[in-house]
$ cat protein.cif   # mmCIF, C-alpha atoms
data_upload
loop_
_atom_site.label_atom_id
_atom_site.label_comp_id
_atom_site.auth_asym_id
_atom_site.auth_seq_id
_atom_site.Cartn_x
_atom_site.Cartn_y
_atom_site.Cartn_z
CA MET A 1 -13.05 7.16 -24.32
CA VAL A 2 -15.38 5.73 -21.70
CA THR A 3 -13.43 5.27 -18.50
CA ALA A 4 -15.86 6.28 -15.75
CA VAL A 5 -17.62 2.95 -16.00
CA THR A 6 -14.66 1.12 -14.41
CA SER A 7 -13.82 3.71 -11.75
CA MET A 8 -14.66 2.95 -8.13
CA GLY A 9 -17.49 5.38 -7.51
CA ARG A 10 -18.28 6.38 -11.12
CA SER A 11 -17.29 9.89 -10.11
CA GLY A 12 -13.90 11.56 -9.77
CA LEU A 13 -14.89 13.37 -6.61
CA SER A 14 -16.18 10.19 -5.01
CA ASP A 15 -12.96 8.35 -5.90
CA TRP A 16 -10.91 11.26 -4.58
CA LEU A 17 -12.69 11.05 -1.21
CA MET A 18 -12.57 7.24 -1.14
CA GLN A 19 -8.82 7.32 -1.80
CA ARG A 20 -8.23 9.64 1.15
CA VAL A 21 -10.50 7.91 3.65
CA THR A 22 -8.97 4.51 2.84
CA ALA A 23 -5.47 6.02 2.96
CA VAL A 24 -6.03 7.26 6.51
CA VAL A 25 -7.35 3.85 7.61
CA LEU A 26 -4.34 2.10 6.04
CA LEU A 27 -1.86 4.56 7.52
CA ALA A 28 -3.39 4.11 10.99
CA TYR A 29 -3.29 0.32 10.62
CA PHE A 30 0.31 0.10 9.41
CA LEU A 31 1.48 2.56 12.06
CA PHE A 32 -0.28 0.54 14.76
CA VAL A 33 1.03 -2.85 13.58
CA GLY A 34 4.47 -1.31 13.00
CA PHE A 35 4.64 -0.06 16.59
CA VAL A 36 3.48 -3.43 17.93
CA LEU A 37 6.23 -5.16 15.94
CA LEU A 38 8.81 -2.58 17.04
CA GLY A 39 7.98 -3.48 20.63
CA GLY A 40 8.60 -7.16 19.83
CA VAL A 41 6.03 -9.94 20.07
CA ASP A 42 6.01 -13.66 20.72
CA TYR A 43 3.42 -16.01 19.27
CA ALA A 44 1.14 -15.92 22.31
CA ALA A 45 0.94 -12.12 22.44
CA TRP A 46 0.52 -11.86 18.66
CA LYS A 47 -2.27 -14.43 18.63
CA GLU A 48 -3.92 -12.78 21.60
CA LEU A 49 -3.90 -9.43 19.77
CA TYR A 50 -5.43 -10.86 16.60
CA SER A 51 -8.04 -12.77 18.62
CA GLN A 52 -9.55 -9.50 19.85
CA THR A 53 -12.75 -8.49 18.08
CA TRP A 54 -11.61 -4.86 17.75
CA MET A 55 -8.37 -5.99 16.08
CA ARG A 56 -10.29 -8.14 13.62
CA ILE A 57 -12.59 -5.22 12.85
CA PHE A 58 -9.56 -2.94 12.42
CA SER A 59 -7.81 -5.55 10.22
CA LEU A 60 -10.86 -6.16 8.02
CA MET A 61 -11.34 -2.40 7.72
CA ALA A 62 -7.74 -2.11 6.54
CA LEU A 63 -8.18 -5.03 4.15
CA LEU A 64 -11.31 -3.54 2.54
CA SER A 65 -9.59 -0.15 2.45
CA LEU A 66 -6.66 -1.78 0.68
CA ALA A 67 -9.01 -3.26 -1.91
CA ALA A 68 -10.72 0.06 -2.64
CA HIS A 69 -7.46 2.05 -2.47
CA ALA A 70 -5.71 -0.33 -4.88
CA TRP A 71 -8.64 -0.26 -7.28
CA VAL A 72 -8.80 3.56 -7.37
CA GLY A 73 -5.02 3.91 -7.60
CA LEU A 74 -4.48 1.28 -10.27
CA TRP A 75 -7.47 2.60 -12.21
CA ALA A 76 -5.70 5.98 -12.33
CA VAL A 77 -2.48 4.33 -13.53
CA PHE A 78 -4.16 2.09 -16.11
CA THR A 79 -6.34 4.84 -17.58
CA ASP A 80 -3.24 7.06 -17.91
CA TYR A 81 -0.86 4.64 -19.59
CA LEU A 82 -2.92 1.84 -21.16
CA THR A 83 -5.02 3.99 -23.45
CA GLU A 84 -6.32 4.15 -26.98
CA ARG A 85 -4.55 7.49 -27.39
CA LEU A 86 -1.14 5.98 -26.60
CA MET A 87 -1.41 2.58 -28.30
CA GLY A 88 -4.59 2.43 -30.30
CA THR A 89 -7.13 -0.33 -29.76
CA THR A 90 -4.45 -2.48 -28.09
CA GLY A 91 -4.51 0.02 -25.25
CA ASN A 92 -8.18 -0.65 -24.56
CA VAL A 93 -7.65 -4.41 -24.60
CA LEU A 94 -4.59 -4.22 -22.34
CA ARG A 95 -6.33 -1.86 -19.93
CA LEU A 96 -9.38 -4.06 -19.56
CA LEU A 97 -7.18 -7.14 -19.14
CA ALA A 98 -5.14 -5.32 -16.50
CA GLN A 99 -8.31 -4.34 -14.68
CA ILE A 100 -9.63 -7.89 -14.75
CA VAL A 101 -6.34 -9.21 -13.32
CA CYS A 102 -6.34 -6.39 -10.76
CA GLY A 103 -9.91 -7.25 -9.76
CA ILE A 104 -9.10 -10.94 -9.32
CA ILE A 105 -6.04 -10.14 -7.19
CA VAL A 106 -7.92 -7.60 -5.05
CA PHE A 107 -10.74 -10.07 -4.47
CA SER A 108 -8.24 -12.83 -3.63
CA TYR A 109 -6.50 -10.59 -1.07
CA VAL A 110 -9.82 -9.90 0.63
CA VAL A 111 -10.86 -13.57 0.80
CA TRP A 112 -7.35 -14.66 1.82
CA GLY A 113 -7.28 -12.01 4.56
CA ILE A 114 -10.69 -12.99 5.93
CA GLN A 115 -9.59 -16.63 5.95
CA ILE A 116 -6.48 -15.70 7.97
CA LEU A 117 -8.32 -13.43 10.41
CA TRP A 118 -11.04 -15.93 11.22
CA GLY A 119 -9.19 -19.13 10.47
CA PHE A 120 -6.47 -19.46 13.10
CA MET B 1 14.93 12.59 -18.50
CA ARG B 2 15.01 16.13 -17.11
CA LEU B 3 11.92 16.58 -15.00
CA PRO B 4 11.14 18.82 -12.03
CA VAL B 5 11.48 17.21 -8.59
CA THR B 6 7.70 17.27 -8.21
CA ALA B 7 7.36 15.03 -11.27
CA TRP B 8 9.81 12.49 -9.82
CA THR B 9 8.03 12.31 -6.47
CA SER B 10 4.71 11.93 -8.31
CA ILE B 11 6.00 9.12 -10.52
CA ALA B 12 7.61 7.44 -7.51
CA HIS B 13 4.30 7.67 -5.64
CA ARG B 14 2.61 5.79 -8.49
CA ALA B 15 5.42 3.29 -8.92
CA SER B 16 5.53 2.56 -5.18
CA GLY B 17 1.77 2.08 -5.23
CA VAL B 18 1.96 -0.49 -8.03
CA PHE B 19 4.89 -2.16 -6.25
CA LEU B 20 2.98 -2.29 -2.96
CA PHE B 21 0.02 -3.94 -4.67
CA ALA B 22 2.32 -6.90 -5.30
CA GLY B 23 4.14 -6.43 -1.99
CA MET B 24 0.89 -6.88 -0.08
CA ALA B 25 0.98 -10.55 -1.09
CA VAL B 26 4.22 -10.88 0.91
CA LEU B 27 2.72 -9.13 3.95
CA ILE B 28 -0.51 -11.14 3.85
CA TRP B 29 1.52 -14.33 3.44
CA ALA B 30 3.61 -13.33 6.47
CA LEU B 31 0.45 -12.58 8.49
CA ASP B 32 -0.87 -16.01 7.55
CA ALA B 33 2.33 -17.74 8.66
CA SER B 34 2.56 -15.67 11.85
CA LEU B 35 -0.92 -16.65 13.02
CA SER B 36 -1.42 -20.22 11.76
CA SER B 37 0.47 -22.00 14.55
CA PRO B 38 3.41 -21.59 16.93
CA GLU B 39 5.43 -23.74 14.50
CA SER B 40 4.68 -21.57 11.47
CA PHE B 41 5.40 -18.47 13.59
CA ALA B 42 8.84 -19.91 14.42
CA GLU B 43 9.41 -20.90 10.80
CA LEU B 44 8.55 -17.36 9.71
CA GLN B 45 11.02 -15.94 12.24
CA GLU B 46 13.67 -18.28 10.90
CA CYS B 47 12.86 -17.39 7.31
CA LEU B 48 12.99 -13.65 8.07
CA ALA B 49 16.48 -14.10 9.49
CA SER B 50 17.90 -14.78 6.02
CA PRO B 51 19.50 -11.82 4.17
CA LEU B 52 17.28 -12.29 1.10
CA ALA B 53 14.08 -12.23 3.16
CA LYS B 54 15.31 -9.14 5.01
CA LEU B 55 15.94 -7.46 1.66
CA VAL B 56 12.42 -8.29 0.44
CA ILE B 57 10.83 -7.04 3.67
CA TRP B 58 12.96 -3.88 3.56
CA ALA B 59 11.89 -3.24 -0.04
CA VAL B 60 8.20 -3.60 0.86
CA VAL B 61 8.61 -1.47 4.00
CA ALA B 62 10.53 1.14 1.98
CA GLY B 63 7.69 1.26 -0.55
CA LEU B 64 5.21 1.57 2.29
CA ILE B 65 7.18 4.41 3.89
CA TYR B 66 7.61 6.38 0.68
CA HIS B 67 3.99 5.89 -0.42
CA SER B 68 2.76 6.93 3.05
CA VAL B 69 4.94 10.04 3.29
CA ALA B 70 3.96 11.14 -0.24
CA GLY B 71 0.33 10.37 0.64
CA VAL B 72 0.48 12.53 3.77
CA LYS B 73 1.85 15.33 1.58
CA HIS B 74 -1.29 15.00 -0.55
CA LEU B 75 -3.49 15.29 2.55
CA VAL B 76 -1.55 18.37 3.65
CA MET B 77 -1.98 19.92 0.20
CA ASP B 78 -5.70 19.07 0.32
CA LEU B 79 -5.84 21.31 3.39
CA GLY B 80 -4.55 24.12 1.22
CA VAL B 81 -0.96 24.06 2.48
CA GLY B 82 1.87 24.29 -0.04
CA GLU B 83 -0.22 24.56 -3.17
CA THR B 84 1.97 27.17 -4.84
CA MET B 85 4.77 26.34 -7.28
CA GLU B 86 7.42 26.89 -4.58
CA GLY B 87 5.29 25.05 -2.02
CA GLY B 88 5.02 22.05 -4.36
CA THR B 89 8.78 21.91 -4.89
CA ARG B 90 9.44 22.33 -1.17
CA GLY B 91 6.88 19.61 -0.37
CA ALA B 92 8.50 17.21 -2.83
CA GLN B 93 11.93 17.85 -1.29
CA ILE B 94 10.56 17.25 2.20
CA VAL B 95 8.95 13.99 1.03
CA ILE B 96 12.29 12.76 -0.31
CA GLY B 97 14.20 13.84 2.79
CA VAL B 98 11.78 12.34 5.31
CA SER B 99 11.44 9.11 3.30
CA VAL B 100 15.21 8.58 3.01
CA VAL B 101 15.66 9.00 6.76
CA LEU B 102 12.74 6.68 7.62
CA ILE B 103 13.80 4.05 5.06
CA LEU B 104 17.35 4.03 6.47
CA LEU B 105 15.97 3.71 10.01
CA ALA B 106 13.76 0.83 8.87
CA GLY B 107 16.83 -0.83 7.35
CA VAL B 108 18.68 -0.51 10.64
CA TRP B 109 15.70 -2.00 12.46
CA ILE B 110 15.39 -4.92 10.06
CA TRP B 111 19.11 -5.77 10.24
#
$ encode --input "protein.cif" --output "structure tokens"
Amino acid sequence: MVTAVTSMGRSGLSDWLMQRVTAVVLLAYFLFVGFVLLGGVDYAAWKELYSQTWMRIFSLMALLSLAAHAWVGLWAVFTDYLTERLMGTTGNVLRLLAQIVCGIIVFSYVVWGIQILWGF
Amino acid sequence: MRLPVTAWTSIAHRASGVFLFAGMAVLIWALDASLSSPESFAELQECLASPLAKLVIWAVVAGLIYHSVAGVKHLVMDLGVGETMEGGTRGAQIVIGVSVVLILLAGVWIW
């Protein structure tokens, strides 16, 4: 079964590294935003934070990390459960459909996020 | 199904990942509402005051906490710590313990 063609980096080792680098970025981002929210914010402070260039860079980095992380992770899930071995040819069709839907959603998240970050 | 604890934490890591992929839509939507205007920020605050919204946010935050804790365990194992059979079981138990505590704390914070 050809699966490497839909993986993120066409190599298991590359995906492994990508998954960890993006995980660290996402963890840092959620911890940071979590602590900001724990401290309590009003609209002015929140807007001020997201107006900063470094925060937009950090947010876009997290957004792109999310896209790559989700692709690698869902690829692992799809290629484990939606397979020819488990369900015959249907498995291949379902897997490719799932990956198409996943790709559309990931791309939408990225565009939506960029629109939010630079659109307020 | 009778599975070792390591299998459950692994399955939960995957399940929480799939769940978070959908949950991100909620968080991005909330970010959108929080930044658009002072009015939408206030509306979001009002919306998040409802029990149902709190439940949804708690579910997403819980998924985020579990997925993060299990992810950190992976990073620790990548460093060569806890790679034995006993280490794996111990790691899985720690992941469950830490996650439960953090998820409960998050629940307290949200309510």
$ resolve_selection --input "protein.cif" --expression "the PyMOL selection byres ((chain B) within 8 of (chain A))" --output "list in words"
Arg14, Gly17, Val18, Phe21, Ala25, Ile28, Leu31, Asp32, Ser34, Leu35, Ser36, Ser37, Pro38, Phe41, Ser68, Gly71 and Leu75 of chain B
$ atom_distance --input "protein.cif" --atom1 "CA of Pro4 (chain B)" --atom2 "CA of Gly107 (chain B)"
28.2 Å
$ resolve_selection --input "protein.cif" --expression "the PyMOL selection byres ((chain B and resi 54) around 12)" --output "ChimeraX atom specification"
/B:26,44-53,55-62,106-111
$ atom_distance --input "protein.cif" --atom1 "CA of His74 (chain B)" --atom2 "CA of Arg95 (chain A)"
26.2 Å
$ atom_distance --input "protein.cif" --atom1 "CA of Ala30 (chain B)" --atom2 "CA of Ala45 (chain A)"
16.2 Å
$ axis_aligned_box --input "protein.cif" --around "region 18-30 of chain A" --padding-each-side "6 Å" --output "JSON"
{"center_x": -6.1, "center_y": 4.9, "center_z": 4.6, "size_x": 24.9, "size_y": 21.5, "size_z": 24.8}
$ build_atoms --input "protein.cif" --residues "region 33-67 of chain B" --atoms "N, CA and C atoms" --output "mmCIF file, in the coordinates of the input"
data_model
loop_
_atom_site.group_PDB
_atom_site.id
_atom_site.type_symbol
_atom_site.label_atom_id
_atom_site.label_comp_id
_atom_site.auth_asym_id
_atom_site.auth_seq_id
_atom_site.Cartn_x
_atom_site.Cartn_y
_atom_site.Cartn_z
ATOM 1 N N ALA B 33 1.343 -16.885 7.990
ATOM 2 C CA ALA B 33 2.330 -17.740 8.660
ATOM 3 C C ALA B 33 2.459 -17.387 10.137
ATOM 4 N N SER B 34 2.360 -16.091 10.458
ATOM 5 C CA SER B 34 2.560 -15.670 11.850
ATOM 6 C C SER B 34 1.421 -16.111 12.749
ATOM 7 N N LEU B 35 0.227 -16.315 12.186
ATOM 8 C CA LEU B 35 -0.920 -16.650 13.020
ATOM 9 C C LEU B 35 -1.309 -18.125 13.007
ATOM 10 N N SER B 36 -0.953 -18.837 11.934
ATOM 11 C CA SER B 36 -1.420 -20.220 11.760
ATOM 12 C C SER B 36 -1.141 -21.113 12.961
ATOM 13 N N SER B 37 0.099 -21.139 13.414
ATOM 14 C CA SER B 37 0.470 -22.000 14.550
ATOM 15 C C SER B 37 1.797 -21.529 15.122
ATOM 16 N N PRO B 38 2.109 -21.961 16.349
ATOM 17 C CA PRO B 38 3.410 -21.590 16.930
ATOM 18 C C PRO B 38 4.564 -22.047 16.035
ATOM 19 N N GLU B 39 4.376 -23.206 15.372
ATOM 20 C CA GLU B 39 5.430 -23.740 14.500
ATOM 21 C C GLU B 39 5.651 -22.825 13.301
ATOM 22 N N SER B 40 4.530 -22.430 12.651
ATOM 23 C CA SER B 40 4.680 -21.570 11.470
ATOM 24 C C SER B 40 5.212 -20.200 11.861
ATOM 25 N N PHE B 41 4.869 -19.742 13.088
ATOM 26 C CA PHE B 41 5.400 -18.470 13.590
ATOM 27 C C PHE B 41 6.928 -18.575 13.701
ATOM 28 N N ALA B 42 7.392 -19.698 14.264
ATOM 29 C CA ALA B 42 8.840 -19.910 14.420
ATOM 30 C C ALA B 42 9.522 -20.041 13.070
ATOM 31 N N GLU B 43 8.849 -20.745 12.147
ATOM 32 C CA GLU B 43 9.410 -20.900 10.800
ATOM 33 C C GLU B 43 9.552 -19.542 10.114
ATOM 34 N N LEU B 44 8.522 -18.692 10.309
ATOM 35 C CA LEU B 44 8.550 -17.360 9.710
ATOM 36 C C LEU B 44 9.727 -16.559 10.270
ATOM 37 N N GLN B 45 9.902 -16.640 11.600
ATOM 38 C CA GLN B 45 11.020 -15.940 12.240
ATOM 39 C C GLN B 45 12.351 -16.389 11.647
ATOM 40 N N GLU B 46 12.448 -17.704 11.450
ATOM 41 C CA GLU B 46 13.670 -18.280 10.900
ATOM 42 C C GLU B 46 13.898 -17.786 9.460
ATOM 43 N N CYS B 47 12.799 -17.827 8.703
ATOM 44 C CA CYS B 47 12.860 -17.390 7.310
ATOM 45 C C CYS B 47 13.269 -15.926 7.210
ATOM 46 N N LEU B 48 12.697 -15.082 8.119
ATOM 47 C CA LEU B 48 12.990 -13.650 8.070
ATOM 48 C C LEU B 48 14.403 -13.323 8.560
ATOM 49 N N ALA B 49 15.111 -14.319 9.044
ATOM 50 C CA ALA B 49 16.480 -14.100 9.490
ATOM 51 C C ALA B 49 17.454 -14.140 8.310
ATOM 52 N N SER B 50 17.011 -14.679 7.186
ATOM 53 C CA SER B 50 17.900 -14.780 6.020
ATOM 54 C C SER B 50 18.038 -13.416 5.339
ATOM 55 N N PRO B 51 19.240 -13.125 4.804
ATOM 56 C CA PRO B 51 19.500 -11.820 4.170
ATOM 57 C C PRO B 51 18.526 -11.504 3.035
ATOM 58 N N LEU B 52 18.176 -12.516 2.233
ATOM 59 C CA LEU B 52 17.280 -12.290 1.100
ATOM 60 C C LEU B 52 15.889 -11.859 1.576
ATOM 61 N N ALA B 53 15.394 -12.562 2.608
ATOM 62 C CA ALA B 53 14.080 -12.230 3.160
ATOM 63 C C ALA B 53 14.096 -10.829 3.752
ATOM 64 N N LYS B 54 15.192 -10.479 4.432
ATOM 65 C CA LYS B 54 15.310 -9.140 5.010
ATOM 66 C C LYS B 54 15.256 -8.077 3.921
ATOM 67 N N LEU B 55 15.916 -8.382 2.789
ATOM 68 C CA LEU B 55 15.940 -7.460 1.660
ATOM 69 C C LEU B 55 14.530 -7.248 1.099
ATOM 70 N N VAL B 56 13.796 -8.363 0.963
ATOM 71 C CA VAL B 56 12.420 -8.290 0.440
ATOM 72 C C VAL B 56 11.544 -7.462 1.377
ATOM 73 N N ILE B 57 11.641 -7.773 2.689
ATOM 74 C CA ILE B 57 10.830 -7.040 3.670
ATOM 75 C C ILE B 57 11.202 -5.555 3.662
ATOM 76 N N TRP B 58 12.510 -5.282 3.580
ATOM 77 C CA TRP B 58 12.960 -3.880 3.560
ATOM 78 C C TRP B 58 12.401 -3.155 2.338
ATOM 79 N N ALA B 59 12.406 -3.840 1.190
ATOM 80 C CA ALA B 59 11.890 -3.240 -0.040
ATOM 81 C C ALA B 59 10.407 -2.900 0.123
ATOM 82 N N VAL B 60 9.640 -3.841 0.675
ATOM 83 C CA VAL B 60 8.200 -3.600 0.860
ATOM 84 C C VAL B 60 7.987 -2.467 1.870
ATOM 85 N N VAL B 61 8.738 -2.515 2.975
ATOM 86 C CA VAL B 61 8.610 -1.470 4.000
ATOM 87 C C VAL B 61 9.029 -0.109 3.430
ATOM 88 N N ALA B 62 10.079 -0.109 2.608
ATOM 89 C CA ALA B 62 10.530 1.140 1.980
ATOM 90 C C ALA B 62 9.421 1.700 1.089
ATOM 91 N N GLY B 63 8.789 0.825 0.307
ATOM 92 C CA GLY B 63 7.690 1.260 -0.550
ATOM 93 C C GLY B 63 6.548 1.823 0.275
ATOM 94 N N LEU B 64 6.284 1.139 1.389
ATOM 95 C CA LEU B 64 5.210 1.570 2.290
ATOM 96 C C LEU B 64 5.529 2.946 2.883
ATOM 97 N N ILE B 65 6.771 3.133 3.296
ATOM 98 C CA ILE B 65 7.180 4.410 3.890
ATOM 99 C C ILE B 65 7.065 5.537 2.861
ATOM 100 N N TYR B 66 7.639 5.321 1.683
ATOM 101 C CA TYR B 66 7.610 6.380 0.680
ATOM 102 C C TYR B 66 6.168 6.725 0.289
ATOM 103 N N HIS B 67 5.380 5.681 0.009
ATOM 104 C CA HIS B 67 3.990 5.890 -0.420
ATOM 105 C C HIS B 67 3.192 6.618 0.672
#
